[in-house]
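J.: Sharing a structure with you now.
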Amino acid sequence: MSILPLFVAIPLAGAFLTSLLGRRFKGLPDILSNLCTASLCVISIVSIGMVRGGSTLVYKLGGWMPPIGISLVLDGFSSFMLVTVNLVALLVNIYSINYMLRYTAKWKFYTLFLLMIAGMNGVVITGDLFNLYVFLEIAAIASYALVAFGIEHEELEASFKYAVMGSIASSFILLGIIFLYSYTSTLNMADIGRVLLDKGPGRIIGFIIPMFIFGFGLKAALVPFHAWLPDAHPAAPAPISAMLSGVLIKSLGVYALCRILFNVIGVGESLSLVLMFLGAISMVVGVFLAVGQWDLKRLLAYHSISQIGYVILGIGLGTPLGILGGLFHLFNHSIFKSLLFLNSGSVEYATGTRDLQKMGGLASKMPVTGTTNLIASMSIAGIPPFNGFWSKLIIIIAAVQAGRFGYAFWAVLASILTLASFMKVMKYGFYGKLNEAFNNIKEVPLFMRLSVVILAIICVAGGLLLLNGIFLEGARDVLLNGTKYAAVVLRAVK
Amino acid sequence: MSKGPKEAGMTLIVKTITRLTVGLILLYGIYIVTHGHLTPGGGFAGGVIIALSFIHLTLAFGKEVALKKLSKEGTSILDSLGALIFLAIAILGFTGGYFFLNFINKGVPFRLLSAGIIPLCNIAIALKVGAGLFAIFMGLVFLKILDKDKK
């Protein structure tokens, strides 16, 4: 029995059991969803060992042979994303035990949360293009509902905006899939790759690629398509902001985009330039918009755009070092950005405000939150020895090696501005004079502290991942192999 | 039907016709679901028709009558059960070695009891879609009432 289908089956079972039983048994949703995410985290870590040495596993759903049946594919890149998604999901879930008591109907939250995880895991593990679209919609629709979870004016407006823009993006993705299907007469991703190699890229490929870049770029919040993100992230409950920024924009956006462009269609020189340009412009515009913000969560949301820019810039460089840096930054960003969003939730939990100008001196009252936030701020700003430093360093070195001095310069500049804006967060939020109104606030409850401390430890120790190659290099090799993906998968089927 | 004080809905003509047809619509939905593997239709289409029979009741008699037949909690339970049954069928495929394997004897083609797990999947999908669609419709109805109360 293979573990591949479990990545989708476990969260789906958890979601529907929660919705069936959660209303009657009060403690059950907490236990059930934590068990689900913990087991997902364990099997995703097991999956790293299964793809060691660049092997690829293909699972035939229902025993049907892949070009006709649906297949699930586990390779280095999927395994890397599964670990990222499920690790963050587990820690966010632990945090939600205490945090979501602020809202009514916790079991509804868990149902949607697990559905979103099922969608993201499905996108990552599937080997079928239409299946990818279905899982993408599951995750996206669950996230529209989760953004609106507070059902206040602000939440509903943000959710509606997100839903409209997300649906337009999904339509473009679907249209791209339809054109690709009409050209290749198959939906299996490996088989599409094979047909494209045989048939040669026709003129229609030039029409399909912009559709995918627009569709997945909107899910990833790259700059011309980022308008939904600064509204959706602050409006959602803090654990969901952490999930959206930490893993949703990556698994639905960056992963799907890279998988299709690199492994199915194949990246040429011009496409690489487009990706680098989109990455650089997101990086710079995001950080410039972030510096002026006073709403803590909105500031973090703009930084998500900026950091996704780094990831796309690194991957777009196309050199082994660049891709390694981009993927490493993807992992690091999901850790420190979810930590920052969880901390912003802790601050809101304790003080009831997100406005930096009303805070001040919170580190004295909330030592755990203050310390972990300092660690995360230094990670995102790229201070050694935290994990963000190493990945940014690799991206910048890779850009210099590739002769892209301009992009290297913009990456350094964006990093400095990131440092400036997080100095602002720490100064106004956590240090300085304590606001009189917050004299009797307390540190947040146990599970919220536990989850942020674990994330902070990963931030400190994250750089060590570079020493052991399996995790990152497995993912890098899949992207470097490019359109050889088709041959690898089709061979693994037999 | 006696005229209680809470009885809402449309005129006598609509109510009479509804009383005559609503059972047939439900039966037709069940037919579409159970013959999903033989004739056009299946779990989704049949589920929609089953939901329509309840929505028909709501439109003609008002929401109290429809909710007496199928309460909000009942809808939610059926909805989750449908999904769980579908997932259980998929996981039972592991007995034969594959997720979603058609592990039941496929029988003679074009008989009612054939095609292995497909009819069971159709029934699960019909539960999910029927209950889900009715729940969405009721959700919109309640939203409308809340809106009216505010004004």
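Every chain in the structure tokens has a letter given in the order shown (A, B, ...), and although residue numbers restart at 1 in each chain, ligands are simply numbered from 1 in the order shown.
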Excluding stretch 146-156 of chain A and its own-chain neighbours fewer than 5 positions away, which residues fall within 9 Å of it when counting only C-alpha atoms? Please give them as a PyMOL selection string.

T.: chain A and resi 103+109+112-113+141+161-162+231-237+240-241

J.: Select, as a PyMOL selection string, those residues of chain B with any atom no more than 8 Å from chain A (distances computed using only C-alpha atoms).

T.: chain B and resi 76-77+80-81+83-84+87+91+93-94+97-102

J.: Can you write just those residues out, N, CA and C atoms, as an mmCIF file, in the first residue's frame?

T.:
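Dumped everything to out38.cif:
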data_model
loop_
_atom_site.group_PDB
_atom_site.id
_atom_site.type_symbol
_atom_site.label_atom_id
_atom_site.label_comp_id
_atom_site.auth_asym_id
_atom_site.auth_seq_id
_atom_site.Cartn_x
_atom_site.Cartn_y
_atom_site.Cartn_z
ATOM 1 N N SER B 76 -27.135 18.978 6.814
ATOM 2 C CA SER B 76 -25.694 19.010 7.060
ATOM 3 C C SER B 76 -25.146 17.598 7.250
ATOM 4 N N ILE B 77 -25.917 16.765 7.983
ATOM 5 C CA ILE B 77 -25.450 15.397 8.233
ATOM 6 C C ILE B 77 -25.395 14.612 6.924
ATOM 7 N N SER B 80 -22.380 15.659 4.804
ATOM 8 C CA SER B 80 -21.100 15.089 5.233
ATOM 9 C C SER B 80 -21.065 13.582 4.997
ATOM 10 N N LEU B 81 -22.205 12.915 5.245
ATOM 11 C CA LEU B 81 -22.247 11.466 5.054
ATOM 12 C C LEU B 81 -21.951 11.090 3.605
ATOM 13 N N ALA B 83 -20.146 12.662 1.425
ATOM 14 C CA ALA B 83 -18.713 12.766 1.158
ATOM 15 C C ALA B 83 -17.953 11.622 1.807
ATOM 16 N N LEU B 84 -18.340 11.283 3.053
ATOM 17 C CA LEU B 84 -17.616 10.220 3.762
ATOM 18 C C LEU B 84 -17.817 8.870 3.086
ATOM 19 N N LEU B 87 -15.617 8.714 0.097
ATOM 20 C CA LEU B 87 -14.224 8.507 0.492
ATOM 21 C C LEU B 87 -14.008 7.076 0.975
ATOM 22 N N ILE B 91 -11.361 4.361 -0.271
ATOM 23 C CA ILE B 91 -10.341 3.752 0.599
ATOM 24 C C ILE B 91 -10.495 2.235 0.603
ATOM 25 N N GLY B 93 -11.006 0.483 -1.776
ATOM 26 C CA GLY B 93 -10.261 -0.011 -2.927
ATOM 27 C C GLY B 93 -8.891 -0.540 -2.560
ATOM 28 N N PHE B 94 -8.363 -0.075 -1.424
ATOM 29 C CA PHE B 94 -7.066 -0.566 -0.961
ATOM 30 C C PHE B 94 -7.089 -2.073 -0.719
ATOM 31 N N GLY B 97 -5.640 -3.295 -3.538
ATOM 32 C CA GLY B 97 -4.310 -2.791 -3.812
ATOM 33 C C GLY B 97 -4.258 -1.357 -4.294
ATOM 34 N N TYR B 98 -5.386 -0.777 -4.747
ATOM 35 C CA TYR B 98 -5.327 0.586 -5.275
ATOM 36 C C TYR B 98 -6.432 1.443 -4.681
ATOM 37 N N PHE B 99 -6.085 2.690 -4.396
ATOM 38 C CA PHE B 99 -7.073 3.705 -4.040
ATOM 39 C C PHE B 99 -8.047 3.834 -5.217
ATOM 40 N N PHE B 100 -9.357 3.846 -4.923
ATOM 41 C CA PHE B 100 -10.382 3.989 -5.972
ATOM 42 C C PHE B 100 -10.482 2.762 -6.879
ATOM 43 N N LEU B 101 -9.955 1.608 -6.447
ATOM 44 C CA LEU B 101 -10.078 0.425 -7.294
ATOM 45 C C LEU B 101 -11.527 -0.042 -7.299
ATOM 46 N N ASN B 102 -11.996 -0.485 -8.452
ATOM 47 C CA ASN B 102 -13.358 -1.016 -8.549
ATOM 48 C C ASN B 102 -13.319 -2.465 -8.067
#

J.: Would you list the contacts of B:Val14 as a list in words, taking every protein, DNA or RNA residue within 12 Å and counting only C-alpha atoms, but skipping same-chain residues closer than 4 positions in sequence?

T.: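 Surrounding residues, per the criterion: Gly9, Met10, Thr18, Arg19, Leu20, Thr21, Val22, His56, Leu57, Thr58, Leu59, Ala60 and Phe61 of chain B.
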
J.: Could you save those same residues with C-alpha atoms as a tab-separated table (two decimals), in the first residue's frame?

T.:
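Once everything was written out, this is selection27.tsv:
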chain	number	residue	atom	x	y	z
B	9	GLY	CA	-46.49	30.20	0.12
B	10	MET	CA	-48.31	30.54	-3.14
B	18	THR	CA	-46.99	20.80	-6.31
B	19	ARG	CA	-48.65	18.16	-4.13
B	20	LEU	CA	-49.22	16.07	-7.23
B	21	THR	CA	-45.79	16.50	-8.80
B	22	VAL	CA	-43.32	16.75	-5.96
B	56	HIS	CA	-40.14	23.06	-5.08
B	57	LEU	CA	-41.78	22.40	-1.70
B	58	THR	CA	-40.13	25.50	-0.26
B	59	LEU	CA	-41.34	27.69	-3.09
B	60	ALA	CA	-44.92	26.45	-2.97
B	61	PHE	CA	-45.50	26.00	0.77

J.: Using only C-alpha atoms, can you tell me which of A:Gly370, A:Gly127, A:Gly122, A:Pro385 comes closest to A:Asp75?

T.: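 Distance minimum relative to A:Asp75 lands on A:Gly127.
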
J.: Skipping near chain neighbours, those fewer than 3 positions away, what residues fall within 7 Å of stretch 440-456 of chain A using only C-alpha atoms, listed as number ranges by chain?

T.: A: 91, 94-95, 97-98, 335, 339, 346, 350-351, 365-366, 368, 372, 375-376, 459-460

J.: Can you tell me which residues surround A:Ser39 at a distance of at most 12 Å, considering only C-alpha atoms, apart from same-chain residues fewer than 2 positions away, and format the answer as a ChimeraX atom specification?

T.: /A:3,6-7,9-11,14,32-37,41-46,83,86-87,89-90

J.: Going by DSSP on the backbone, which residues of chain B come out as alpha helix (DSSP H)? List them as a ChimeraX atom specification.

T.: /B:12-34,43-61,63-69,72-92,118-150

J.: Between A:Phe471, A:Trp410, A:Phe135, A:Phe277, which is the closest to A:Asn121 once you count only C-alpha atoms?

T.: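 For A:Asn121, the nearest of the given residues is A:Phe135.
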
J.: Pick out the residues sitting within 9 Å of A:Val285, and hand them over as number ranges by chain; count only C-alpha atoms, and ignore anything fewer than 2 positions along from it in its own chain.

T.: A: 223, 280-283, 287-290, 302, 305-306, 414

J.: Would you please give, as a ChimeraX atom specification, all residues of stretch 52-169 of chain A that DSSP assigns to strand (DSSP E) based on the backbone?

T.: /A:57-60,71-74
